[in-house]
Each structure stands twice: as C-alpha cells, then as structure tokens.
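**Student:** This is coords_37.txt, which holds compact mmCIF, C-alpha atoms and all ligand atoms:
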# COMPACT_ATOMS: atom_id res chain seq x y z
CA MET U 4 -5.83 25.55 6.13
CA LEU U 5 -2.91 23.12 6.06
CA ASN U 6 0.70 24.26 6.45
CA PHE U 7 2.51 24.82 3.17
CA ASP U 8 5.67 26.01 1.43
CA PHE U 9 5.12 28.05 -1.69
CA HIS U 10 7.99 29.02 -3.94
CA ASN U 11 7.70 29.45 -7.68
CA PRO U 12 10.78 30.88 -9.36
CA THR U 13 9.60 30.70 -12.99
CA ARG U 14 9.42 34.03 -14.80
CA ILE U 15 6.51 34.26 -17.23
CA LEU U 16 6.78 36.36 -20.39
CA PHE U 17 3.23 36.48 -21.70
CA GLY U 18 1.80 37.80 -24.96
CA LYS U 19 2.16 38.35 -28.66
CA GLY U 20 5.69 38.75 -29.98
CA ARG U 21 7.40 37.64 -26.79
CA ILE U 22 9.58 34.97 -28.43
CA ALA U 23 11.90 37.81 -29.50
CA ASP U 24 12.65 38.30 -25.79
CA LEU U 25 14.78 35.14 -25.89
CA ALA U 26 17.55 37.48 -27.05
CA THR U 27 17.68 38.95 -23.55
CA THR U 28 16.47 36.07 -21.35
CA VAL U 29 18.88 33.36 -22.55
CA PRO U 30 22.31 34.13 -21.05
CA LEU U 31 24.71 35.49 -23.70
CA ALA U 32 27.52 33.05 -22.98
CA ALA U 33 25.25 29.98 -22.86
CA ARG U 34 25.85 26.97 -25.09
CA VAL U 35 22.23 26.25 -25.90
CA LEU U 36 20.36 23.08 -26.83
CA VAL U 37 16.93 23.76 -28.34
CA LEU U 38 14.64 20.74 -27.90
CA TYR U 39 11.42 20.20 -29.83
CA GLY U 40 8.89 17.55 -30.80
CA GLY U 41 7.77 15.94 -34.03
CA GLY U 42 7.90 19.04 -36.19
CA SER U 43 4.88 21.26 -35.45
CA VAL U 44 7.23 24.08 -34.44
CA LYS U 45 8.89 23.91 -37.84
CA ALA U 46 5.61 23.97 -39.72
CA ASN U 47 4.13 26.91 -37.79
CA GLY U 48 7.19 29.13 -37.76
CA VAL U 49 7.76 29.03 -33.99
CA LEU U 50 11.18 27.44 -34.39
CA SER U 51 12.28 30.06 -36.89
CA GLN U 52 11.27 32.82 -34.44
CA VAL U 53 13.43 31.10 -31.82
CA GLN U 54 16.33 30.80 -34.25
CA ALA U 55 16.04 34.48 -35.18
CA ALA U 56 16.07 35.55 -31.53
CA LEU U 57 19.18 33.44 -30.83
CA LYS U 58 21.03 34.33 -34.02
CA GLY U 59 24.81 34.41 -33.62
CA ARG U 60 24.72 32.30 -30.41
CA ALA U 61 26.14 28.82 -29.84
CA VAL U 62 22.95 26.83 -30.51
CA GLN U 63 22.33 23.18 -31.32
CA GLU U 64 18.99 21.48 -31.89
CA PHE U 65 17.41 18.18 -30.91
CA GLY U 66 14.07 17.25 -32.49
CA GLY U 67 11.86 14.19 -32.29
CA ILE U 68 10.64 14.20 -28.70
CA GLU U 69 7.38 12.29 -28.93
CA PRO U 70 4.08 12.83 -27.07
CA ASN U 71 4.50 11.02 -23.73
CA PRO U 72 8.26 11.56 -24.04
CA SER U 73 10.34 8.43 -23.84
CA TYR U 74 13.43 7.81 -21.76
CA GLU U 75 14.98 6.15 -24.82
CA THR U 76 14.65 9.28 -27.00
CA LEU U 77 15.62 11.65 -24.20
CA MET U 78 18.85 9.78 -23.53
CA GLN U 79 19.96 10.71 -27.04
CA ALA U 80 19.58 14.37 -26.08
CA VAL U 81 21.45 13.71 -22.84
CA GLU U 82 24.35 12.22 -24.85
CA LEU U 83 24.37 15.21 -27.20
CA ALA U 84 24.42 17.71 -24.33
CA ARG U 85 27.24 15.82 -22.61
CA ARG U 86 29.29 15.45 -25.80
CA GLU U 87 28.95 19.10 -26.84
CA ARG U 88 29.18 20.48 -23.29
CA LEU U 89 25.88 22.32 -23.66
CA ASP U 90 24.87 24.21 -20.54
CA PHE U 91 21.43 25.73 -21.22
CA LEU U 92 18.31 23.99 -22.54
CA LEU U 93 15.37 25.57 -24.32
CA ALA U 94 12.19 23.52 -24.70
CA VAL U 95 10.00 24.60 -27.62
CA GLY U 96 6.68 22.76 -27.66
CA GLY U 97 3.97 21.25 -25.48
CA GLY U 98 4.10 19.47 -22.15
CA SER U 99 5.93 16.49 -23.58
CA VAL U 100 8.84 18.59 -24.82
CA ILE U 101 9.01 20.58 -21.59
CA ASP U 102 8.80 17.44 -19.43
CA GLY U 103 11.45 15.77 -21.59
CA THR U 104 13.68 18.80 -21.19
CA LYS U 105 13.31 18.59 -17.41
CA PHE U 106 14.51 15.00 -17.56
CA VAL U 107 17.48 15.94 -19.76
CA ALA U 108 18.35 18.88 -17.47
CA ALA U 109 18.50 16.57 -14.46
CA ALA U 110 20.14 13.63 -16.24
CA VAL U 111 23.07 15.40 -17.96
CA ASN U 112 25.18 15.63 -14.80
CA TYR U 113 23.59 12.71 -12.96
CA GLU U 114 26.03 10.13 -11.73
CA GLY U 115 24.64 6.62 -11.98
CA ASP U 116 21.73 5.16 -13.90
CA ALA U 117 19.88 8.11 -15.46
CA TRP U 118 16.51 6.31 -15.25
CA ASP U 119 16.78 6.79 -11.47
CA VAL U 120 16.06 10.49 -12.07
CA ALA U 121 12.48 9.48 -12.81
CA ARG U 122 12.26 6.10 -11.08
CA LYS U 123 12.90 7.66 -7.67
CA TRP U 124 10.12 10.23 -8.30
CA GLY U 125 12.77 13.00 -8.50
CA GLY U 126 14.08 12.39 -4.98
CA SER U 127 17.59 11.66 -6.20
CA ILE U 128 17.96 14.88 -8.23
CA GLU U 129 20.58 17.14 -6.63
CA ARG U 130 21.12 19.55 -9.52
CA ALA U 131 20.01 20.28 -13.06
CA ILE U 132 21.28 22.48 -15.83
CA PRO U 133 19.19 25.63 -16.31
CA PHE U 134 16.46 25.76 -18.93
CA GLY U 135 13.61 27.84 -20.25
CA SER U 136 10.59 27.07 -22.40
CA VAL U 137 8.50 28.40 -25.26
CA LEU U 138 5.05 26.88 -24.73
CA THR U 139 2.92 25.95 -27.75
CA LEU U 140 0.14 23.90 -26.12
CA PRO U 141 -1.82 25.07 -23.06
CA ALA U 142 -2.54 21.97 -20.97
CA THR U 143 -0.09 20.53 -18.50
CA GLY U 144 1.23 23.52 -16.54
CA SER U 145 4.74 22.11 -17.00
CA GLU U 146 5.87 25.58 -18.09
CA MET U 147 5.58 26.84 -14.52
CA ASN U 148 5.98 23.83 -12.29
CA SER U 149 8.59 21.38 -11.10
CA GLY U 150 6.93 18.17 -12.31
CA ALA U 151 7.37 15.95 -15.34
CA VAL U 152 6.29 12.56 -16.62
CA VAL U 153 8.58 10.30 -18.64
CA THR U 154 7.81 6.93 -20.24
CA HIS U 155 10.19 3.98 -20.23
CA LYS U 156 9.08 2.23 -23.39
CA VAL U 157 10.80 -1.07 -22.73
CA LYS U 158 9.42 -1.33 -19.20
CA ARG U 159 6.03 0.18 -20.26
CA ILE U 160 6.11 2.55 -17.31
CA LYS U 161 4.90 6.14 -17.29
CA GLN U 162 6.75 7.64 -14.36
CA PRO U 163 6.07 11.06 -12.83
CA PHE U 164 8.82 12.90 -10.98
CA SER U 165 9.33 16.30 -9.45
CA SER U 166 12.16 18.31 -7.98
CA PRO U 167 12.69 21.96 -7.07
CA HIS U 168 15.72 21.80 -9.40
CA VAL U 169 13.54 21.44 -12.51
CA PHE U 170 11.46 24.59 -12.46
CA PRO U 171 11.97 26.41 -15.79
CA GLN U 172 13.91 29.67 -15.29
CA PHE U 173 11.44 31.34 -17.62
CA SER U 174 8.60 30.42 -19.95
CA ILE U 175 7.35 32.35 -22.94
CA LEU U 176 3.58 32.12 -23.39
CA ASP U 177 2.58 33.58 -26.74
CA PRO U 178 -1.06 32.62 -27.42
CA THR U 179 -0.54 32.99 -31.18
CA THR U 180 1.66 29.88 -31.11
CA THR U 181 -1.49 27.87 -30.34
CA PHE U 182 -3.36 28.93 -33.51
CA THR U 183 -2.11 25.83 -35.34
CA LEU U 184 -3.24 23.32 -32.72
CA PRO U 185 -5.67 20.69 -33.97
CA PRO U 186 -9.06 20.70 -32.16
CA ARG U 187 -8.17 17.41 -30.45
CA GLN U 188 -5.26 19.07 -28.64
CA ILE U 189 -7.34 22.09 -27.59
CA GLY U 190 -9.96 19.73 -26.14
CA ASN U 191 -7.20 17.77 -24.43
CA GLY U 192 -5.73 20.95 -22.98
CA ILE U 193 -9.04 22.07 -21.51
CA VAL U 194 -9.67 18.66 -19.92
CA ASP U 195 -6.13 18.43 -18.51
CA ALA U 196 -6.25 21.90 -16.93
CA TYR U 197 -9.78 21.25 -15.60
CA THR U 198 -8.72 17.96 -14.04
CA HIS U 199 -5.61 19.51 -12.48
CA VAL U 200 -7.87 21.92 -10.64
CA MET U 201 -10.28 19.15 -9.64
CA GLU U 202 -7.48 17.01 -8.20
CA GLN U 203 -6.57 19.89 -5.86
CA TYR U 204 -10.09 21.15 -5.14
CA LEU U 205 -12.45 18.21 -4.96
CA THR U 206 -11.27 16.66 -1.69
CA TYR U 207 -12.60 17.80 1.72
CA PRO U 208 -12.98 21.27 3.23
CA VAL U 209 -10.09 22.67 5.29
CA ASN U 210 -11.41 26.23 5.50
CA ALA U 211 -9.32 27.56 2.62
CA PRO U 212 -11.88 29.80 0.87
CA LEU U 213 -9.32 31.70 -1.22
CA GLN U 214 -7.88 28.52 -2.73
CA ASP U 215 -11.44 27.28 -3.35
CA ARG U 216 -12.37 30.46 -5.18
CA PHE U 217 -9.16 30.43 -7.22
CA ALA U 218 -10.05 26.87 -8.22
CA GLU U 219 -13.68 27.69 -9.03
CA GLY U 220 -12.52 30.77 -10.99
CA ILE U 221 -10.33 28.62 -13.20
CA LEU U 222 -13.07 26.00 -13.72
CA LEU U 223 -15.67 28.65 -14.62
CA THR U 224 -13.23 30.37 -16.99
CA LEU U 225 -12.44 27.08 -18.72
CA ILE U 226 -16.18 26.40 -19.13
CA GLU U 227 -16.69 29.88 -20.62
CA GLU U 228 -13.55 30.34 -22.69
CA GLY U 229 -12.75 26.73 -23.64
CA PRO U 230 -15.53 26.36 -26.21
CA LYS U 231 -14.58 29.71 -27.79
CA ALA U 232 -10.94 28.65 -28.01
CA LEU U 233 -12.08 25.44 -29.66
CA ALA U 234 -14.48 27.06 -32.13
CA GLU U 235 -12.19 29.85 -33.32
CA SER U 236 -8.58 28.90 -33.91
CA ASP U 237 -7.43 32.51 -34.22
CA ASN U 238 -9.41 34.00 -31.31
CA TYR U 239 -6.45 35.57 -29.50
CA ASP U 240 -8.34 36.44 -26.33
CA ALA U 241 -9.86 32.98 -25.90
CA ARG U 242 -6.48 31.32 -26.54
CA ALA U 243 -4.80 33.74 -24.10
CA ASN U 244 -7.37 32.94 -21.42
CA LEU U 245 -7.03 29.21 -21.95
CA MET U 246 -3.24 29.48 -21.78
CA TRP U 247 -3.23 31.39 -18.51
CA CYS U 248 -5.85 29.04 -16.99
CA ALA U 249 -3.71 26.02 -17.82
CA THR U 250 -0.63 27.58 -16.29
CA MET U 251 -2.43 28.69 -13.13
CA ALA U 252 -4.09 25.28 -12.76
CA LEU U 253 -0.83 23.60 -11.83
CA ASN U 254 1.74 26.12 -10.64
CA GLY U 255 1.22 25.61 -6.93
CA VAL U 256 -1.27 28.42 -6.24
CA VAL U 257 -4.48 26.39 -6.25
CA GLY U 258 -2.97 23.52 -4.28
CA ALA U 259 -1.20 25.46 -1.53
CA GLY U 260 -2.50 24.54 1.90
CA VAL U 261 -5.22 22.13 0.75
CA PRO U 262 -5.44 18.32 0.52
CA GLN U 263 -4.78 16.87 -2.93
CA ASP U 264 -6.13 13.79 -4.64
CA TRP U 265 -4.28 12.82 -7.92
CA SER U 266 -5.88 9.36 -8.13
CA THR U 267 -7.44 10.14 -11.53
CA HIS U 268 -4.00 11.02 -12.89
CA MET U 269 -2.32 7.93 -11.46
CA ILE U 270 -4.90 5.55 -12.95
CA GLY U 271 -4.90 7.56 -16.19
CA HIS U 272 -1.12 7.29 -16.56
CA GLU U 273 -1.40 3.50 -16.55
CA LEU U 274 -4.03 3.62 -19.31
CA THR U 275 -1.62 5.67 -21.42
CA ALA U 276 1.34 3.41 -20.62
CA LEU U 277 -0.60 0.27 -21.62
CA TYR U 278 -2.92 1.43 -24.40
CA GLY U 279 -1.44 4.69 -25.71
CA LEU U 280 -4.45 6.95 -25.04
CA ASP U 281 -3.76 10.69 -24.90
CA HIS U 282 -3.18 11.91 -21.34
CA ALA U 283 -6.37 14.01 -21.30
CA GLN U 284 -8.47 11.20 -22.78
CA THR U 285 -7.60 9.04 -19.78
CA LEU U 286 -8.61 11.84 -17.40
CA ALA U 287 -11.95 12.34 -19.15
CA ILE U 288 -12.62 8.63 -18.70
CA VAL U 289 -11.55 8.29 -15.07
CA LEU U 290 -12.63 11.58 -13.46
CA PRO U 291 -16.46 11.26 -13.71
CA ALA U 292 -16.34 7.66 -12.46
CA MET U 293 -13.97 8.63 -9.65
CA MET U 294 -16.30 11.46 -8.57
CA ALA U 295 -19.18 8.99 -8.41
CA ALA U 296 -17.18 6.34 -6.54
CA ARG U 297 -15.97 8.88 -3.96
CA ARG U 298 -19.26 10.69 -3.48
CA GLU U 299 -19.38 10.07 0.29
CA ALA U 300 -15.75 11.03 1.04
CA LYS U 301 -16.06 14.09 -1.21
CA ARG U 302 -19.66 14.94 -0.35
CA ALA U 303 -19.16 18.47 1.06
CA LYS U 304 -16.91 19.57 -1.79
CA LEU U 305 -19.13 17.92 -4.41
CA LEU U 306 -22.07 19.97 -3.14
CA GLN U 307 -19.95 23.14 -3.19
CA TYR U 308 -18.79 22.32 -6.73
CA ALA U 309 -22.38 21.67 -7.82
CA ALA U 310 -23.52 25.01 -6.39
CA ARG U 311 -20.70 27.30 -7.38
CA VAL U 312 -19.64 25.87 -10.72
CA TRP U 313 -22.91 24.43 -12.07
CA GLN U 314 -25.42 26.58 -10.14
CA LEU U 315 -27.14 23.48 -8.69
CA ARG U 316 -28.33 24.80 -5.34
CA ASP U 317 -31.79 23.40 -4.75
CA GLY U 318 -33.36 20.06 -4.12
CA ASP U 319 -32.08 16.72 -3.00
CA GLU U 320 -28.35 16.55 -2.25
CA ASN U 321 -27.78 13.33 -4.15
CA ALA U 322 -29.53 14.72 -7.20
CA ARG U 323 -27.29 17.80 -7.09
CA ILE U 324 -24.19 15.60 -6.92
CA ASP U 325 -25.45 13.46 -9.81
CA GLY U 326 -26.14 16.64 -11.77
CA ALA U 327 -22.63 17.99 -11.17
CA ILE U 328 -21.05 14.72 -12.29
CA SER U 329 -23.18 14.49 -15.42
CA ARG U 330 -22.51 18.14 -16.31
CA THR U 331 -18.77 17.53 -15.95
CA ARG U 332 -19.00 14.56 -18.31
CA ALA U 333 -21.17 16.50 -20.76
CA PHE U 334 -18.69 19.39 -20.75
CA PHE U 335 -15.82 17.09 -21.68
CA GLU U 336 -17.92 15.46 -24.42
CA SER U 337 -18.98 18.89 -25.73
CA ILE U 338 -15.36 19.84 -26.34
CA GLY U 339 -14.72 16.61 -28.21
CA VAL U 340 -13.11 14.43 -25.54
CA LYS U 341 -14.93 11.12 -25.11
CA THR U 342 -15.47 9.89 -21.56
CA ARG U 343 -15.88 6.11 -21.81
CA LEU U 344 -13.27 3.37 -22.19
CA SER U 345 -15.48 1.82 -24.86
CA ASP U 346 -15.18 5.02 -26.95
CA TYR U 347 -11.50 4.12 -27.33
CA GLY U 348 -12.02 0.42 -28.10
CA LEU U 349 -11.31 -0.73 -24.54
CA GLY U 350 -13.47 -2.96 -22.36
CA ALA U 351 -13.58 -5.28 -19.37
CA GLN U 352 -10.94 -7.54 -20.89
CA HIS U 353 -8.40 -4.70 -20.64
CA LEU U 354 -8.90 -4.01 -16.94
CA PRO U 355 -6.86 -6.83 -15.33
CA ALA U 356 -3.68 -5.50 -16.93
CA VAL U 357 -4.34 -2.01 -15.59
CA LEU U 358 -4.98 -3.32 -12.09
CA GLU U 359 -1.90 -5.52 -12.25
CA GLN U 360 0.19 -2.53 -13.28
CA LEU U 361 -1.22 -0.44 -10.40
CA GLU U 362 -0.35 -3.25 -8.00
CA THR U 363 3.18 -3.77 -9.37
CA ARG U 364 3.83 -0.05 -9.12
CA ARG U 365 2.40 -0.01 -5.58
CA LEU U 366 -0.25 2.53 -6.53
CA VAL U 367 -2.65 0.95 -4.06
CA ARG U 368 -3.25 3.74 -1.58
CA LEU U 369 -4.31 6.63 -3.78
CA GLY U 370 -6.36 9.75 -3.12
CA GLU U 371 -6.52 12.42 -0.42
CA HIS U 372 -7.24 9.80 2.24
CA ALA U 373 -4.85 7.20 0.78
CA ASP U 374 -7.75 4.76 0.77
CA ILE U 375 -8.24 4.13 -2.93
CA ASP U 376 -7.04 0.57 -3.05
CA LEU U 377 -7.22 -1.86 -5.94
CA GLY U 378 -10.85 -2.62 -5.13
CA VAL U 379 -11.89 1.01 -5.54
CA SER U 380 -9.73 1.40 -8.67
CA ARG U 381 -11.46 -1.67 -10.12
CA GLN U 382 -14.88 -0.21 -9.32
CA VAL U 383 -13.90 3.10 -10.98
CA LEU U 384 -12.55 1.39 -14.09
CA GLU U 385 -15.60 -0.88 -14.39
CA ALA U 386 -17.86 2.16 -14.14
CA SER U 387 -15.80 3.84 -16.88
CA ILE U 388 -16.59 1.27 -19.55
O1 LIG K 401 5.42 16.88 -31.46
P1 LIG K 401 4.89 18.02 -32.21
O2 LIG K 401 5.10 17.96 -33.67
O3 LIG K 401 5.32 19.36 -31.63
O4 LIG K 401 3.26 17.98 -32.09
C1 LIG K 401 2.59 18.03 -30.84
C2 LIG K 401 2.05 16.68 -30.39
O5 LIG K 401 1.78 15.84 -31.48
C3 LIG K 401 1.32 18.83 -31.04
N1 LIG K 401 1.52 20.27 -30.89
C4 LIG K 401 2.06 20.95 -29.83
N2 LIG K 401 1.99 22.27 -30.03
C5 LIG K 401 1.43 22.45 -31.27
C6 LIG K 401 1.13 21.18 -31.80
N3 LIG K 401 0.56 21.02 -33.02
C7 LIG K 401 0.26 22.14 -33.71
N4 LIG K 401 0.48 23.39 -33.25
C8 LIG K 401 1.06 23.59 -32.03
N5 LIG K 401 1.23 24.82 -31.53
O6 LIG K 401 0.46 18.38 -30.02
C9 LIG K 401 0.72 17.00 -29.76
C10 LIG K 401 0.68 16.73 -28.27
O7 LIG K 401 1.75 17.40 -27.62
P2 LIG K 401 2.15 17.04 -26.11
O8 LIG K 401 3.28 17.94 -25.72
O9 LIG K 401 2.34 15.57 -25.96
O10 LIG K 401 0.82 17.42 -25.31
P3 LIG K 401 0.61 17.96 -23.85
O11 LIG K 401 1.05 19.37 -23.71
O12 LIG K 401 -0.80 17.65 -23.55
O13 LIG K 401 1.58 17.09 -22.93
C11 LIG K 401 1.22 15.80 -22.49
C12 LIG K 401 2.31 15.22 -21.62
O14 LIG K 401 2.48 15.97 -20.39
C13 LIG K 401 2.35 15.09 -19.26
C14 LIG K 401 1.43 14.03 -19.78
O15 LIG K 401 1.46 12.87 -18.99
C15 LIG K 401 1.95 13.80 -21.19
O16 LIG K 401 3.10 12.97 -21.16
N6 LIG K 401 1.90 15.85 -18.08
C16 LIG K 401 2.77 16.69 -17.49
C17 LIG K 401 2.48 17.38 -16.33
C18 LIG K 401 3.44 18.29 -15.69
N7 LIG K 401 4.66 18.38 -16.15
O17 LIG K 401 3.13 18.93 -14.71
C19 LIG K 401 1.18 17.24 -15.67
C20 LIG K 401 0.15 16.58 -16.51
O18 LIG K 401 -0.80 16.01 -15.66
C21 LIG K 401 0.63 15.54 -17.46
O19 LIG K 401 0.76 14.29 -16.80
ZN ZN K 402 -2.64 16.18 -16.32
Is it possible to give me this structure as structure tokens?
**Tutor:**
Amino acid sequence: MLNFDFHNPTRILFGKGRIADLATTVPLAARVLVLYGGGSVKANGVLSQVQAALKGRAVQEFGGIEPNPSYETLMQAVELARRERLDFLLAVGGGSVIDGTKFVAAAVNYEGDAWDVARKWGGSIERAIPFGSVLTLPATGSEMNSGAVVTHKVKRIKQPFSSPHVFPQFSILDPTTTFTLPPRQIGNGIVDAYTHVMEQYLTYPVNAPLQDRFAEGILLTLIEEGPKALAESDNYDARANLMWCATMALNGVVGAGVPQDWSTHMIGHELTALYGLDHAQTLAIVLPAMMAARREAKRAKLLQYAARVWQLRDGDENARIDGAISRTRAFFESIGVKTRLSDYGLGAQHLPAVLEQLETRRLVRLGEHADIDLGVSRQVLEASI
C-alpha cells in the first residue's frame, strides 16, 4: 500500500426529511447566500424546504448556475457575496451548483485575479468562506470532497481544482430530492460514480485488498441498484443506495493508498469544453476505449475486475479482458448513456481540436504511469468513434 493522508471533515446528514436540519446546522448568526441552478429546485419544492428551515435568518439567493458552471456566472455570485458581506454559502443542487459554490467560497476573499483560484488547480487557495450543501443529484461526489470543476467560457477551458479549504462543512443527502431527476441524469450519475471508482481502482496492484473490495463493492452495487433507480423514479431504497454509492465513490476512501489514473476524466473534460457533451457522456465514450488501449499496463487489475465484478474467471486471459470491457460498455448503454463519439454527432474531424487542447493545456503525461501522451490519447479517441 502507498503512503497516504486521509482527512474528510464533511458531516453527512442522510435520509428523508433531513433538509429541516438546516435550522440547526447553519450557524444562527450567519449571513447566508443560497446558490442554485436553473430552477429544478424551485419546481420540485426543495428550495421551499430550504427557505422554511432558514426562516427568519439573513438569507439571500443566487440562481442560474448552469451545468458545467461558468466562471462568468459565478463571478456575479462573488460580487453579490462581497457587496452584501455574506459569510456562509449553501449550495442547493447537483455537482455543478456545489462545484460553483466551492469556487465562490474561495474567490470571495481572494486577492488578485479570481480565475487563478481554478487556473492554479487550487494551489493558490489560502482560505474560503464556510459552506454546506443540499444535494439533489447523485453523481459527482462533490458533496463530500474538496474538488471542483469550473468552465471559463471565453477561454473554452474546463478547469479542475482542489483544496482542503473547499470541503463542505456538511451535506444533506435526502434521496427523495432525486425523485424528479430525468432518466438522463440518473444514467449520467451512475456512469460518473462508476468511472470515479474505476479511475482509482483500475491501475496496478499495490497489495491494498481493502481498497479493492471497497471499490468492487461500489461497482457491484451500482450494477445492481442503478437499473432499479432508473426504472422507478420513486424507489426510495434504490435512490438512497445510488446516492450513497456516488458519495463514497469520490470522498477519498476508495483512493487512499492506491495509484490513481484520471486520464478518462481529463480527456472527457476537453470533450465537454469543446462540444458541450454532458460530463458522464464523455466518460462513457472514453473509458471503454481507454481500458482497451491500456490492457497491458492494467492487465492484472483488468483480470481482477473481470473476475470479481463480471464473474469472468475461466478461459483465455485476453478473452476475459475483452469480456470485461464489453460488459462495461453494455452496462453504460443499458442505462441509456451512449458510448461512441458518433452517437453524439462527433467524428474523426473533431479529434484534432481535442488533441490540440490537450497539448495546449499540457495534459500530455496522463494516467497512473504518466505515460499517456498525445499518441495514446489519439489512439483512444480514434477507437471511441
Ligand atoms: O440547473 P437545474 O435546474 O438545477 O437542473 C439540473 C441540471 O440541468 C438538473 N437537476 C439537478 N437536480 C435535479 C435536477 N433536475 C430535476 N430534479 C433534480 N433533483 O440536472 C442537470 C445537471 O446538473 P449538474 O449539477 O450539472 O450535474 P452533475 O451533478 O452531474 O454535475 C456535473 C458537474 O460536476 C463536475 C462535472 O465536470 C460537471 O461540471 N464534476 C465534479 C466533480 C467533483 N467536484 O468532485 C467530479 C466529477 O468528475 C465531475 O468532473
Ligand atoms: Zn466525474
């Protein structure tokens, strides 16, 4: 096992009716800014539950944070928080709203160009104002981690950053808030959580059997519970299981002490920045092709994955690996997330721009061995058409 630091300060309040707990978790004297997205939380009553719990407090609201939250929109929230001297943020929504709130939290008191908060991958963040979240979309894990991704629309850059200063203080996970999600977002959530586990699991063995079994447990649970969550919008248990899987997939537990990959995410982010695909759609496209391209470097873990997740234990090794890759692709397709660039109207003519963007952003040594250069990325993208 590799050396690691593990510290996760986010308090989770899980279950039905927990939004009312905001009355005791948000500090009484706080001047609060509630941030939300395009309006789903108004339509499904989540925002009114938040308002009821915070009744009588100093609360302002900022709506309109878009999927793949933009620096341009978030700076308006930064201005509002500065002008009104707001000192506590509450994100109400999916990963985009929570990520956007992390940016705002770090940018409000940042001296200098606020884009540097993201541009320097979070390294320049020295403090952030405290915040909590009410999660409405199980997918990213942002509710219990210190990462975020923000898009600079003008520069067409989707920039991840992380900092120990941007862990949420608390997150409320009420599975009933997910009942109004469209099937596309449930499928996206399953694929995102699945891929988060794969990026931390499918590397090379370092004798970390507990982390491996945590990872396999999440993958198997997603395979079992994901289709139920998709088929029945009001199946509380399936939604609860999906929600907890997504949180556990990226809160530091699975990845502690093991090598990590993240190449699928890095290539996927550029597809979103250039062509506007949903985050999870890009992962569904890149992951199967990446597994195939890296079959030698990942051989031992691919065989373990084939055996323990897909029960492929007998016969030729290469056939087992092929089977595991094709089952992964089929699983994504079965939950409604297409796995080919051509399914989204993209083809060979779109690849040079992606490769150019990877080069400009110096994303040329990706993966757990830092050996995924532009040549390998090209091979992966070509195989994804
Ligand atoms: O904007 P509203 O109206 O709220 O609608 C949203 C949005 O259109 C809708 N939605 C959310 N909850 C709903 C709902 N609709 C009905 N009922 C509900 N309960 O869903 C749409 C998508 O929301 P979004 O927040 O964009 O989705 P997601 O949670 O998948 O977040 C994606 C973003 O997170 C980043 C991605 O890159 C992307 O920008 N990621 C963040 C990570 C992190 N912080 O650790 C890791 C991930 O790998 C990922 O990169
Ligand atoms: Zn992701």
**Student:** Give me the residues of chain U that have any atom at most 6 Å from an atom of ligand LIG 401 (chain K); for each, the nearest atom pair and the distance in Å, rounded to one decimal. Use all atoms listed in the file, sort by chain and number, and format it as a tab-separated table.
**Tutor:**
residue	atom	partner	partner_atom	distance
U:Gly40	CA	K:LIG401	O1	3.6
U:Gly41	CA	K:LIG401	O2	3.4
U:Gly42	CA	K:LIG401	O2	3.9
U:Ser43	CA	K:LIG401	O2	3.8
U:Val44	CA	K:LIG401	O3	5.8
U:Glu69	CA	K:LIG401	O1	5.6
U:Pro70	CA	K:LIG401	O9	3.4
U:Asn71	CA	K:LIG401	O16	3.5
U:Gly96	CA	K:LIG401	N2	5.3
U:Gly97	CA	K:LIG401	O8	3.4
U:Gly98	CA	K:LIG401	O11	3.4
U:Ser99	CA	K:LIG401	O8	3.7
U:Val100	CA	K:LIG401	O8	5.7
U:Asp102	CA	K:LIG401	N7	5.4
U:Thr139	CA	K:LIG401	N5	4.3
U:Leu140	CA	K:LIG401	N2	4.6
U:Ala142	CA	K:LIG401	O11	5.2
U:Thr143	CA	K:LIG401	C20	4.4
U:Gly144	CA	K:LIG401	O17	5.3
U:Ser145	CA	K:LIG401	N7	3.8
U:Gly150	CA	K:LIG401	N7	4.5
U:Ala151	CA	K:LIG401	N7	3.7
U:Val152	CA	K:LIG401	C13	5.4
U:Thr180	CA	K:LIG401	N5	5.1
U:Thr181	CA	K:LIG401	N5	4.3
U:Thr183	CA	K:LIG401	N4	4.1
U:Leu184	CA	K:LIG401	N4	3.8
U:Gln188	CA	K:LIG401	O6	5.9
U:Gly192	CA	K:LIG401	O12	6.0
U:His282	CA	K:LIG401	O15	5.3
**Student:** For segment 17-25 of chain U, please output as a ChimeraX atom specification all residues within 12 Å (counting all atoms listed in the file; exclusion window: fewer than 4 positions along the same chain).
**Tutor:** /U:29-31,35,37,48-58,60,93-95,134-139,146,172-182,239-240,242-244,246-247,250
**Student:** With distances taken over only C-alpha atoms, which residue among U:Glu320, U:Glu273, U:Glu227, U:Glu202 lies nearest Leu290 of chain U?
**Tutor:**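 For Leu290 of chain U, the nearest of the candidates is U:Glu202.
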**Student:** U:Gln263, U:Gln214, U:Ser387, U:Ser149: which is nearest Gly350 of chain U, counting all atoms listed in the file?
**Tutor:**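 Under the stated criterion, the closest residue is U:Ser387.
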**Student:** Provide the atom CA of Ala61 of chain U to atom CA of Asn11 of chain U distance in Å, to one decimal place.
**Tutor:**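 One can read the atom CA of Ala61 of chain U to atom CA of Asn11 of chain U distance as 28.8 Å.
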**Student:** For the atom pair atom CA of Thr206 of chain U and atom CA of Leu361 of chain U, what is the interatomic distance in Å to one decimal place?
**Tutor:** 21.7 Å
**Student:** Grab me every residue within 7 Å of ligand ZN 402 (chain K), counting all atoms listed in the file, and send it over as number ranges by chain.
**Tutor:** U: 143, 195-196, 198-199, 268, 282-283
**Student:** Using only C-alpha atoms, please write the residues we just selected to a file, as a short mmCIF file (atom, residue, chain, number, x, y, z; two decimals), keeping the file's coordinate frame.
**Tutor:**
data_model
loop_
_atom_site.label_atom_id
_atom_site.label_comp_id
_atom_site.auth_asym_id
_atom_site.auth_seq_id
_atom_site.Cartn_x
_atom_site.Cartn_y
_atom_site.Cartn_z
CA THR U 143 -0.09 20.53 -18.50
CA ASP U 195 -6.13 18.43 -18.51
CA ALA U 196 -6.25 21.90 -16.93
CA THR U 198 -8.72 17.96 -14.04
CA HIS U 199 -5.61 19.51 -12.48
CA HIS U 268 -4.00 11.02 -12.89
CA HIS U 282 -3.18 11.91 -21.34
CA ALA U 283 -6.37 14.01 -21.30
#
**Student:** Under the rule that all atoms listed in the file are counted, which of U:Gly260, U:Gly66, U:Pro230, U:Gly115 is the nearest residue to Pro212 of chain U?
**Tutor:**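 That would be U:Gly260, the residue with the smallest distance to Pro212 of chain U.
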**Student:** Within 8 Å of Glu64 of chain U, counting only C-alpha atoms, which residues show up once you throw out same-chain ones fewer than 4 positions away? Write them as number ranges by chain, please.
**Tutor:** U: 36-39
**Student:** Using only C-alpha atoms and a cutoff of 12 Å, can you tell me which residues are near (-7.5, -1.5, -7.7) in the file's coordinates, and write them out as a ChimeraX atom specification?
**Tutor:** /U:266,269-270,273,354-369,374-385
**Student:** With distances taken over only C-alpha atoms, which residue among U:Met4, U:Ala351, U:Ala292, U:Ala211 lies nearest Lys304 of chain U?
**Tutor:**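 Smallest separation from Lys304 of chain U among the options: U:Ala211.
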**Student:** Identify which of the residues U:Gln203, U:Lys45, U:Ala241, U:Gly59 lies closest to Ala26 of chain U, counting only C-alpha atoms when measuring atom-to-atom distances.
**Tutor:** U:Gly59
